[in-house]
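Visitor: Below is a structure I'd like to ask you about.
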Amino acid sequence: MSLIPGLGIVRGMALTLRRFFQPKVTHLYPEDPADISPKFRGRLQLLYDEHGTLKCETCFQCAQACPIECIDMGGVDTKGRYAVHWGASETYGERREESALRRAGRTVPDVAYEHWNAIDLGPVDAILHDADHDPGRLLEILEATQAAYGYLPVAALKRISFGTGAWYAMVYGTASYYDHLRFEPPAASSSGATPTGRGRAEADYLAGLDLVTGSGSKRPAGRAN
Amino acid sequence: MSQTRNAFDIPAHASADDPRVTLDEQIGVFEPIPPYPPRTEREAEFYTLRDGEMFVNMGPQHPSTHGVLRVVLKIDGEKVVDLDPVLGYLHRGVEKLCENADYHQAICYTDPLEYISSLFCEWSPVIAFEKLLDVQVPRRAEYIRVLSGELNRIASHALFMGWFALDLGGLTPILWSFIERDEIVEMLAALTGQRMLFNYFRIGGVNGDLNHEFMSRLGTWMSKATAQIDSNQALLNENEIFVRRARGLGTMDTATALGMCMTGPNLRATGVPFDIRRAHPYSVYPELEFDIPSRTEGDCLARYLLRMDEIRQSLRIIDQCLHQMPDGPVMAKLPRLIRPRPGRAYAAIEGPRGQYATYAISDGTDQPYRMRIHDPSFIHLQSVGLLTPGNLIADTMAIMASLDPIMGGVDK
Amino acid sequence: MAMVGRTWDRLTIPGKILAVVVPLGALLTAALALLIALIGGAVVQFLGDNLPLVRFLVAATAVLLMTIPSAFLIIYMEMKVIALMNLRYGPDRVGPFGSALSVVHGLKVLMKEDFTPTGVDVPVFTLAPVVVYMSSVMSLLVLPFAPGLFGQDFNIGLLFFFAMGGLSVVGLLMAGWSSFNKYSLLGGLRSAAQIVSYEIPLALSVVGVVLLAGTMSLNKIVLGQAGSVFDWYVWRQPLAFVIFFIAVTAEANRTPFDLTEADSEIVAGFATEYSGMRFGFFFFAEYVNVFIASGLTVALFLGGWNAPFNWPLPVTVGLDPGGLGIGLLLLIALGPPLAIVVLGLPFYLLNSRIKLWQALVIGFVLFNLVAVGAVLGLAFLSFDWVVGLLWFMGKTYVFVFTFVWMRGTLPRVRIDQLMGFAWKWLLPAAMLNLFVTAFAILVLKR
């Protein structure tokens with residue numbers, strides 16, 4: 001408080017007017033990205049090592065250690081469908097067992113993972129031999145493979161990639177380009193009303209869950225156990 | 001339909017024809033009357049309106065109750081006759097959660113108690129656990145703790161200045177003080193890895209040594225900090241409107257303040273130079289030179305000015321820390337799984353709002369058997385009921401802001 | 001029918017729009033022509049007989065239309081200036097320097113749900129924003145913008161302004177009372193107490209000016225300040241100027257006297273329960289009030305549209321376009337292309353990378369700039385109202401800036417301090433000013 005009434009107000013106004021012309025401190029975010037320190041721990045992303053490989057080994061230890069169980073793990077399969085591995089909170093126990101099995105190297109009877117399951121590669125090898133391991137005849141090979149298996153298993157695609165020398169991405173791209181090539185067994189083989197899209201994935205998931213828990217159809221709808 | 005009048009024996013499903021249901025009930029008016037019969041005499045007296053009085057339910061979504069505090073004001077015109085704070089909207093049961101986590105995880109739970117000054121919320125449980133374990137913290141770690149803690153104190157007090165001004169109606173100081181806070185928070189993020197809930201102090205030391213980025217940011221900031229903070233204060237300290245509003249408002253005398261168990265700046269503003277850093281020294285504070293500012297007025301202006309003085313003292317401490325920083329490890333050698341011997345420990349530290357204290361009991365397992373957290377905000381918020389009645393509605397905000405409570409700490 | 005449908009389907013979107021708009025426009029034009037032919041003469045006759053009515057209607061419409069862009073401008077100014085004082089950038093995304101953000105805000109307010117809460121007094125709740133907005137607009141009606149450019153030149157202009165200011169209290173009280181919310185009620189009552197109290201020093205401080213000018217017509221008050229900067233009433237009534245500025249700040253509910261919508265105390269005051277365009281009306285009215293407060297300060301104390309020094313007298317342009325005869329036609333036909341070529345050719349000749357058509361485009365742009373500049377300059381020199389309007393707006397926006405600046409700096413006063421200041425300080429000071437002025441006039445003029 002000064003002697004002259006109002007002088008403080010005038011000084012304050014002079015200060016704001018000075019600030020009016022001073023350089024501004026706001027970061028214009030999208031143009032001027034935030035200066036994040038190397039030690040910053042707040043990134044919501046999986047980290048890569050110096051070779052560009054994902055550091056996450058899907059060991060689920062983070063999900064188990066998380067005190068408030070907010071960590072969920074999921075992945076994208078070859079058809080671009082997103083599946084949560086860890087699942088609903090009611091099924092944590094089963095999921096943990098399942099993940100332990102998978103980490104132990106044993107197979108888990110889960111429909112969502114059938115694409116990765118080992119298959120008999122004999123027919124593919126025969127087809128590759130017939131086609132002279134020629135990547136230029138990729139479409140022919142893929143069609144023959146589908147005729148042999150009924151669909152294109154991931155293992156077969158990998159074998160084709162390995163045998164012809166074509167990149168897996170190229171094989172997969174070719175296979176996914178053509179409508180008549182499919183990555184799943186044809187719909188006629190699945191029973192009853194076929195759920196589509198996301199519902200299909202859920203049904204697969206639940207069916208796999210039934211296989212894991214062995215509870216079969218006894219489980220009431222909408223709630224595990 | 002409203003459930004508010006159920007205290008007076010009106011069934012919740014009463015129809016509109018029921019003569020006991022007033023017009024207010026039919027249109028769903030919300031009166032802040034609790035849906036149960038009064039439990040105490042005080043409650044019965046408070047929730048009875050005299051002629052010309054009315055309730056105003058302020059919060060939990062009110063813009064200036066600093067979080068989810070709900071205050072039921074009984075007003076007569078603009079004058080506050082009485083008030084009833086309703087707490088618990090942010091209750092998380094942190095103490096109980098800590099009992100179910102191991103010692104390292106417990107620190108992470110105490111972190112968001114007073115989210116404006118997280119480091120202090122970590123500091124007191126860490127000291128308590130170290131006492132339980134009887135572990136010697138390396139000196140460099142202690143210096144780093146003091147350094148980062150004082151930085152956090154400045155950030156908290158700088159934000160207080162903006163909030164106080166905002167509750168008095170000034171738009172600009174809050175943004176200016178956020179500039180200071182952002183600088184500090186950025187450099188603490190370079191040190192600790194997080195901007196808000198640092199989770200930096202570990203049992204037996206700190207998580208990571210000082211790094212180059214932190215030091216360069218700190219140096220840049222220290223060179224201009226004093227001038228900048230003084231310049232920010234010039235807007236308010238000389239402003240007649242501000243001074244006239246804050247002076248003589250919410251005056252607390254020493255005896256009442258001591259009787260209310262107040263600590264920190266709110267107590268020092270009443271003339272008691274009590275500071276745990278000096279009274280019961282911990283860490284390396286005995287080796288550092290600083291004054292304990294105190295004022296005798298005990299009003300909002302004194303509380304405000306006192307915090308501004310504390311910023312200068314904190315800058316002094318930071319300067320000394322940087323000059324006296326010893327070399328050495330920043331973490332004591334400890335097993336990964338901690339099982340202290342059965343016992344109990346108490347640790348109090350001086351936070352920006354007053355005394356943070358932790359009382360921990362160990363039963364020999366890897367989890368604390370009991371953990372009690374003493375939080376200054378809760379203690380200080382009690383005095384709102386003492387200071388506010390008789391003042392105006394606008395002053396309620398100013399008094400509450402001047403006590404600087406954080407609802408995360410009040411509700412725990 | 002099917003053919004019509006197919007044709008319709010084949011049309012592009014602009015085609016569809018045109019196919020609807022063109023026949024509709026033709027139809028409407030025909031109807032309008034018919035209407036004009038039938039009753040146009042009578043209407044013109046009637047309007048010609050009642051020119052004051054026409055003038056009032058035109059002025060009211062013009063003022064109503066003027067409030068919206070000026071409110072947008074002031075809202076943008078407030079956002080930007082306060083941001084710059086806060087060391088922020090403020091709006092900078094929509095439009096050049098974010099200048100269209102207030103327009104976007106306006107559109108947003110238009111599109112939001114117009115919500116009427118339970119328990120409100122619906123007619124009063126609905127009418128309140130209209131009353132507040134209309135009282136602001138009506139105050140604008142007596143403001144002299146430039147010589148000859150004002151809504152109405154009442155001989156009781158000032159009184160009309162204060163009456164309209166009083167009417168806005170009614171609107172705020174209506175909003176506060178009908179909203180069925182205690183914050184609104186408190187806000188409404190605060191505004192009533194505040195505006196009624198500050199009307200008195202406001203009116204008393206102006207009485208000195210009225211005594212000096214000898215009239216209450218704002219137009220004549222401004223005319224009385226013609227001449228140089230030293231003829232302005234602010235030099236003869238400095239105390240009244242200060243009192244008036246403080247009181248008018250309180251009247252416009254601006255910081256530090258914005259108690260009616262003190263967001264840290266009573267959430268948003270009387271506007272708490274309002275949403276959508278009803279809130280928009282309150283919001284607009286506030287900024288129109290800022291404009292009016294600034295404009296009135298300028299008109300009463302700072303010479304209105306008078307230039308601060310002896311502006312060169314308006315040059316009468318002695319060019320009679322009709323006298324040129326066929327030359328005018330030639331000028332209109334050949335002038336622009338010639339100017340474009342002349343202005344664009346240097347670019348073509350001096351820079352080898354610029355192609356001819358690019359040079360012509362540059363020439364076209366330059367020609368437009370030059371032509372617009374020439375026309376504006378001619379208008380500036382020929383019509384004294386353009387000069388007056390520019391001076392008035394310049395001065396007014398200086399005061400608008402001051403209001404915004406104060407909002408960026410000052411905290412809010414308390415209600416008892418506010419009332420005490422009005423009754424204990426401003427009112428005696430205004431009385432003193434009045435007596436001194438009256439005494440001085442008596443002594444000096446006799």
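For the structure tokens, the naming scheme is as follows: chains receive sequential letters (A, B, ...) according to their order of presentation, residues are indexed from 1 within each chain, and ligands are indexed from 1 in presentation order.
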Quick one: which residues from chain C are at most 7 Å off chain A, using only C-alpha atoms, as JSON, numbers by chain?

Guide: {"C": [84, 85, 87, 88, 89, 409]}

Visitor: Using only C-alpha atoms and a distance of at most 7 Å, pull out the residues of chain B that contact chain C, as a PyMOL selection string.

Guide: chain B and resi 27+56+62-64+165+167-172+175-176+241-242+393-394+397

Visitor: Residues of the last selection are to be written out with C-alpha atoms, as a PDB file, in the first residue's frame.

Guide:
```pdb
ATOM      1  CA  ILE B  27     -40.413 -29.899  -8.622  1.00  0.00           C
ATOM      2  CA  VAL B  56     -26.377 -22.415  -0.200  1.00  0.00           C
ATOM      3  CA  HIS B  62     -18.071 -25.295  -7.244  1.00  0.00           C
ATOM      4  CA  PRO B  63     -15.256 -23.621  -9.190  1.00  0.00           C
ATOM      5  CA  SER B  64     -13.322 -22.399  -6.179  1.00  0.00           C
ATOM      6  CA  ALA B 165      -5.633 -14.287  -6.342  1.00  0.00           C
ATOM      7  CA  ASP B 167     -10.422 -16.713  -5.571  1.00  0.00           C
ATOM      8  CA  LEU B 168     -10.240 -12.978  -5.033  1.00  0.00           C
ATOM      9  CA  GLY B 169     -11.139 -12.485  -8.681  1.00  0.00           C
ATOM     10  CA  GLY B 170      -7.783 -11.829 -10.351  1.00  0.00           C
ATOM     11  CA  LEU B 171      -7.329 -13.736 -13.581  1.00  0.00           C
ATOM     12  CA  THR B 172      -3.694 -13.143 -14.356  1.00  0.00           C
ATOM     13  CA  LEU B 175      -1.277 -18.098 -15.115  1.00  0.00           C
ATOM     14  CA  TRP B 176       1.908 -16.346 -14.141  1.00  0.00           C
ATOM     15  CA  ILE B 241      -8.057  -3.881  -3.824  1.00  0.00           C
ATOM     16  CA  PHE B 242      -6.185  -7.046  -2.952  1.00  0.00           C
ATOM     17  CA  ILE B 393     -19.753 -15.246   0.899  1.00  0.00           C
ATOM     18  CA  ALA B 394     -16.844 -13.859  -1.090  1.00  0.00           C
ATOM     19  CA  MET B 397     -13.444 -18.389  -0.645  1.00  0.00           C
TER      20      MET B 397
END
```

Visitor: Show me, as number ranges by chain, every residue of chain B with an atom at most 7 Å from chain A, counting only C-alpha atoms.

Guide: B: 189-190, 193-194, 234-235, 238-240

Visitor: For those residues, write N, CA and C atoms to a file as a compact mmCIF listing (two decimals), in the first residue's frame.

Guide:
```
# COMPACT_ATOMS: atom_id res chain seq x y z
N ALA B 189 10.56 -33.31 -13.60
CA ALA B 189 10.29 -34.43 -14.49
C ALA B 189 11.60 -34.94 -15.09
N ALA B 190 12.52 -34.01 -15.35
CA ALA B 190 13.82 -34.46 -15.85
C ALA B 190 14.56 -35.25 -14.78
N GLY B 193 11.27 -38.24 -13.52
CA GLY B 193 10.60 -39.01 -14.56
C GLY B 193 9.11 -38.77 -14.62
N GLN B 194 8.57 -38.00 -13.71
CA GLN B 194 7.14 -37.71 -13.76
C GLN B 194 6.92 -36.24 -13.47
N ALA B 234 4.58 -8.35 -7.32
CA ALA B 234 4.34 -6.91 -7.34
C ALA B 234 2.92 -6.61 -7.79
N LEU B 235 2.36 -7.51 -8.59
CA LEU B 235 0.99 -7.29 -9.06
C LEU B 235 0.01 -7.28 -7.89
N GLU B 238 1.06 -4.79 -3.84
CA GLU B 238 0.81 -3.36 -3.72
C GLU B 238 -0.60 -2.99 -4.12
N ASN B 239 -1.33 -3.96 -4.60
CA ASN B 239 -2.66 -3.64 -5.13
C ASN B 239 -3.62 -3.33 -4.00
N GLU B 240 -4.21 -2.15 -4.05
CA GLU B 240 -5.09 -1.72 -2.95
C GLU B 240 -6.28 -2.64 -2.79
```

Visitor: Could you give me, as a ChimeraX atom specification, each residue of range 87-315 of chain C that DSSP assigns to alpha helix (DSSP H) when run on this structure's backbone?

Guide: /C:101-111,122-140,157-178,182-213,218-223,233-236,238-251,276-301

Visitor: Among range 263-363 of chain B, which ones does DSSP assign to strand (DSSP E) (computed from the backbone)? Answer as a ChimeraX atom specification.

Guide: /B:343-350,355-362

Visitor: Any idea what's packed within 12 Å of Cys321 in chain B, counting only C-alpha atoms, ignoring anything in its chain fewer than 4 positions away? Could you give it as JSON, numbers by chain?

Guide: {"B": [139, 140, 141, 142, 143, 144, 145, 146, 147, 148, 149, 150, 151, 284, 285, 287, 288, 289, 290, 314, 315, 316, 317, 325, 326]}

Visitor: Output N, CA and C atoms for every residue in that selection, as a short mmCIF file (atom, residue, chain, number, x, y, z; two decimals), in the first residue's frame.

Guide:
```
data_model
loop_
_atom_site.label_atom_id
_atom_site.label_comp_id
_atom_site.auth_asym_id
_atom_site.auth_seq_id
_atom_site.Cartn_x
_atom_site.Cartn_y
_atom_site.Cartn_z
N ARG B 139 24.49 -39.47 2.13
CA ARG B 139 24.35 -38.01 2.29
C ARG B 139 23.94 -37.34 0.98
N ARG B 140 24.46 -37.85 -0.10
CA ARG B 140 24.08 -37.24 -1.39
C ARG B 140 22.58 -37.40 -1.62
N ALA B 141 22.07 -38.55 -1.24
CA ALA B 141 20.62 -38.76 -1.40
C ALA B 141 19.85 -37.77 -0.54
N GLU B 142 20.33 -37.52 0.68
CA GLU B 142 19.64 -36.57 1.54
C GLU B 142 19.65 -35.17 0.93
N TYR B 143 20.81 -34.81 0.36
CA TYR B 143 20.88 -33.48 -0.25
C TYR B 143 19.96 -33.39 -1.45
N ILE B 144 19.90 -34.48 -2.22
CA ILE B 144 19.00 -34.45 -3.39
C ILE B 144 17.56 -34.34 -2.92
N ARG B 145 17.24 -35.03 -1.82
CA ARG B 145 15.88 -34.94 -1.30
C ARG B 145 15.54 -33.52 -0.89
N VAL B 146 16.47 -32.88 -0.19
CA VAL B 146 16.21 -31.51 0.24
C VAL B 146 16.06 -30.59 -0.96
N LEU B 147 16.96 -30.79 -1.94
CA LEU B 147 16.93 -29.94 -3.12
C LEU B 147 15.60 -30.07 -3.86
N SER B 148 15.19 -31.31 -4.13
CA SER B 148 13.95 -31.47 -4.89
C SER B 148 12.75 -31.09 -4.04
N GLY B 149 12.84 -31.36 -2.73
CA GLY B 149 11.73 -30.98 -1.86
C GLY B 149 11.51 -29.49 -1.82
N GLU B 150 12.62 -28.73 -1.73
CA GLU B 150 12.44 -27.27 -1.68
C GLU B 150 11.93 -26.75 -3.01
N LEU B 151 12.35 -27.38 -4.10
CA LEU B 151 11.80 -26.98 -5.40
C LEU B 151 10.29 -27.20 -5.41
N VAL B 284 19.19 -33.27 6.14
CA VAL B 284 20.40 -32.47 6.34
C VAL B 284 20.06 -31.03 6.66
N TYR B 285 18.86 -30.78 7.12
CA TYR B 285 18.50 -29.39 7.39
C TYR B 285 19.37 -28.73 8.46
N GLU B 287 22.41 -28.71 8.65
CA GLU B 287 23.63 -28.20 8.03
C GLU B 287 23.35 -26.99 7.15
N LEU B 288 22.09 -26.64 6.97
CA LEU B 288 21.75 -25.58 6.04
C LEU B 288 21.34 -24.33 6.80
N GLU B 289 21.58 -23.21 6.15
CA GLU B 289 21.30 -21.92 6.77
C GLU B 289 20.02 -21.36 6.18
N PHE B 290 19.03 -21.14 7.00
CA PHE B 290 17.84 -20.46 6.49
C PHE B 290 17.06 -19.90 7.66
N SER B 314 13.41 -20.83 0.53
CA SER B 314 13.64 -22.07 -0.20
C SER B 314 14.70 -21.88 -1.28
N LEU B 315 14.66 -20.72 -1.92
CA LEU B 315 15.69 -20.44 -2.92
C LEU B 315 17.07 -20.43 -2.27
N ARG B 316 17.15 -19.87 -1.06
CA ARG B 316 18.43 -19.89 -0.33
C ARG B 316 18.88 -21.32 -0.09
N ILE B 317 17.94 -22.16 0.37
CA ILE B 317 18.30 -23.55 0.68
C ILE B 317 18.79 -24.26 -0.57
N MET B 325 26.63 -29.98 -2.18
CA MET B 325 26.28 -31.33 -2.62
C MET B 325 27.48 -32.27 -2.58
N PRO B 326 27.46 -33.31 -1.75
CA PRO B 326 28.60 -34.23 -1.69
C PRO B 326 28.53 -35.26 -2.81
#
```

Visitor: Please provide the set of residues having any atom within 9 Å of Leu113 in chain B, restricted to only C-alpha atoms, with same-chain residues fewer than 4 positions apart removed, written as a list in words.

Guide: Val94, Tyr109, Ser117, Ser118, Cys121, Asp375, Ile406, Met407, Gly408, Gly409, Val410, Asp411 and Lys412 of chain B

Visitor: Using only C-alpha atoms, determine which residues lie at most 6 Å from range 351-353 of chain B, disregarding the query and same-chain residues fewer than 5 positions distant; provide the list as an MDAnalysis selection string.

Guide: chainID B and resid 120 153 264

Visitor: I need the chosen residues saved as a tab-separated table (two decimals), in the first residue's frame, with N, CA and C atoms.

Guide:
```
chain	number	residue	atom	x	y	z
B	120	PHE	N	6.65	-34.30	-0.69
B	120	PHE	CA	6.57	-34.31	0.76
B	120	PHE	C	5.72	-35.47	1.25
B	153	ARG	N	8.38	-27.23	-2.85
B	153	ARG	CA	7.75	-26.25	-1.97
B	153	ARG	C	7.52	-24.94	-2.71
B	264	GLY	N	2.80	-25.25	10.20
B	264	GLY	CA	3.21	-24.68	8.92
B	264	GLY	C	2.94	-23.20	8.82
```

Visitor: Hey, can you check how far CA of Glu273 in chain C sits from CA of Ser136 in chain C?

Guide: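 Straight-line distance from CA of Glu273 in chain C to CA of Ser136 in chain C works out to 21.1 Å.
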
Visitor: Identify, on the basis of only C-alpha atoms, every residue whose closest approach to Leu110 in chain C does not exceed 10 Å; exclude the query and any residue fewer than 3 positions from it along the same chain; express the result as a PyMOL selection string.

Guide: chain C and resi 104-107+113-114+275-280

Visitor: How would the residues just picked look written out with N, CA and C atoms as a short mmCIF file (atom, residue, chain, number, x, y, z; two decimals), in the first residue's frame?

Guide:
```
data_model
loop_
_atom_site.label_atom_id
_atom_site.label_comp_id
_atom_site.auth_asym_id
_atom_site.auth_seq_id
_atom_site.Cartn_x
_atom_site.Cartn_y
_atom_site.Cartn_z
N VAL C 104 -16.89 -18.25 -33.95
CA VAL C 104 -17.12 -19.68 -33.73
C VAL C 104 -17.81 -19.89 -32.38
N HIS C 105 -17.40 -19.09 -31.39
CA HIS C 105 -18.07 -19.16 -30.09
C HIS C 105 -19.54 -18.83 -30.24
N GLY C 106 -19.81 -17.79 -31.02
CA GLY C 106 -21.19 -17.41 -31.24
C GLY C 106 -21.98 -18.55 -31.88
N LEU C 107 -21.38 -19.18 -32.89
CA LEU C 107 -22.06 -20.31 -33.54
C LEU C 107 -22.26 -21.46 -32.57
N GLU C 113 -27.83 -26.74 -26.74
CA GLU C 113 -29.21 -26.99 -26.37
C GLU C 113 -29.74 -25.83 -25.54
N ASP C 114 -30.93 -25.41 -25.88
CA ASP C 114 -31.58 -24.34 -25.14
C ASP C 114 -32.37 -25.00 -24.01
N SER C 275 -28.35 -21.46 -20.80
CA SER C 275 -27.48 -22.15 -21.75
C SER C 275 -27.89 -21.72 -23.15
N GLY C 276 -27.10 -22.15 -24.10
CA GLY C 276 -27.45 -21.87 -25.49
C GLY C 276 -27.49 -20.39 -25.79
N MET C 277 -28.40 -20.02 -26.68
CA MET C 277 -28.43 -18.64 -27.14
C MET C 277 -28.97 -17.69 -26.09
N ARG C 278 -29.72 -18.23 -25.10
CA ARG C 278 -30.16 -17.32 -24.03
C ARG C 278 -28.95 -16.82 -23.26
N PHE C 279 -28.03 -17.73 -22.97
CA PHE C 279 -26.79 -17.29 -22.34
C PHE C 279 -26.04 -16.37 -23.29
N GLY C 280 -26.13 -16.69 -24.59
CA GLY C 280 -25.47 -15.86 -25.59
C GLY C 280 -25.94 -14.42 -25.54
#
```
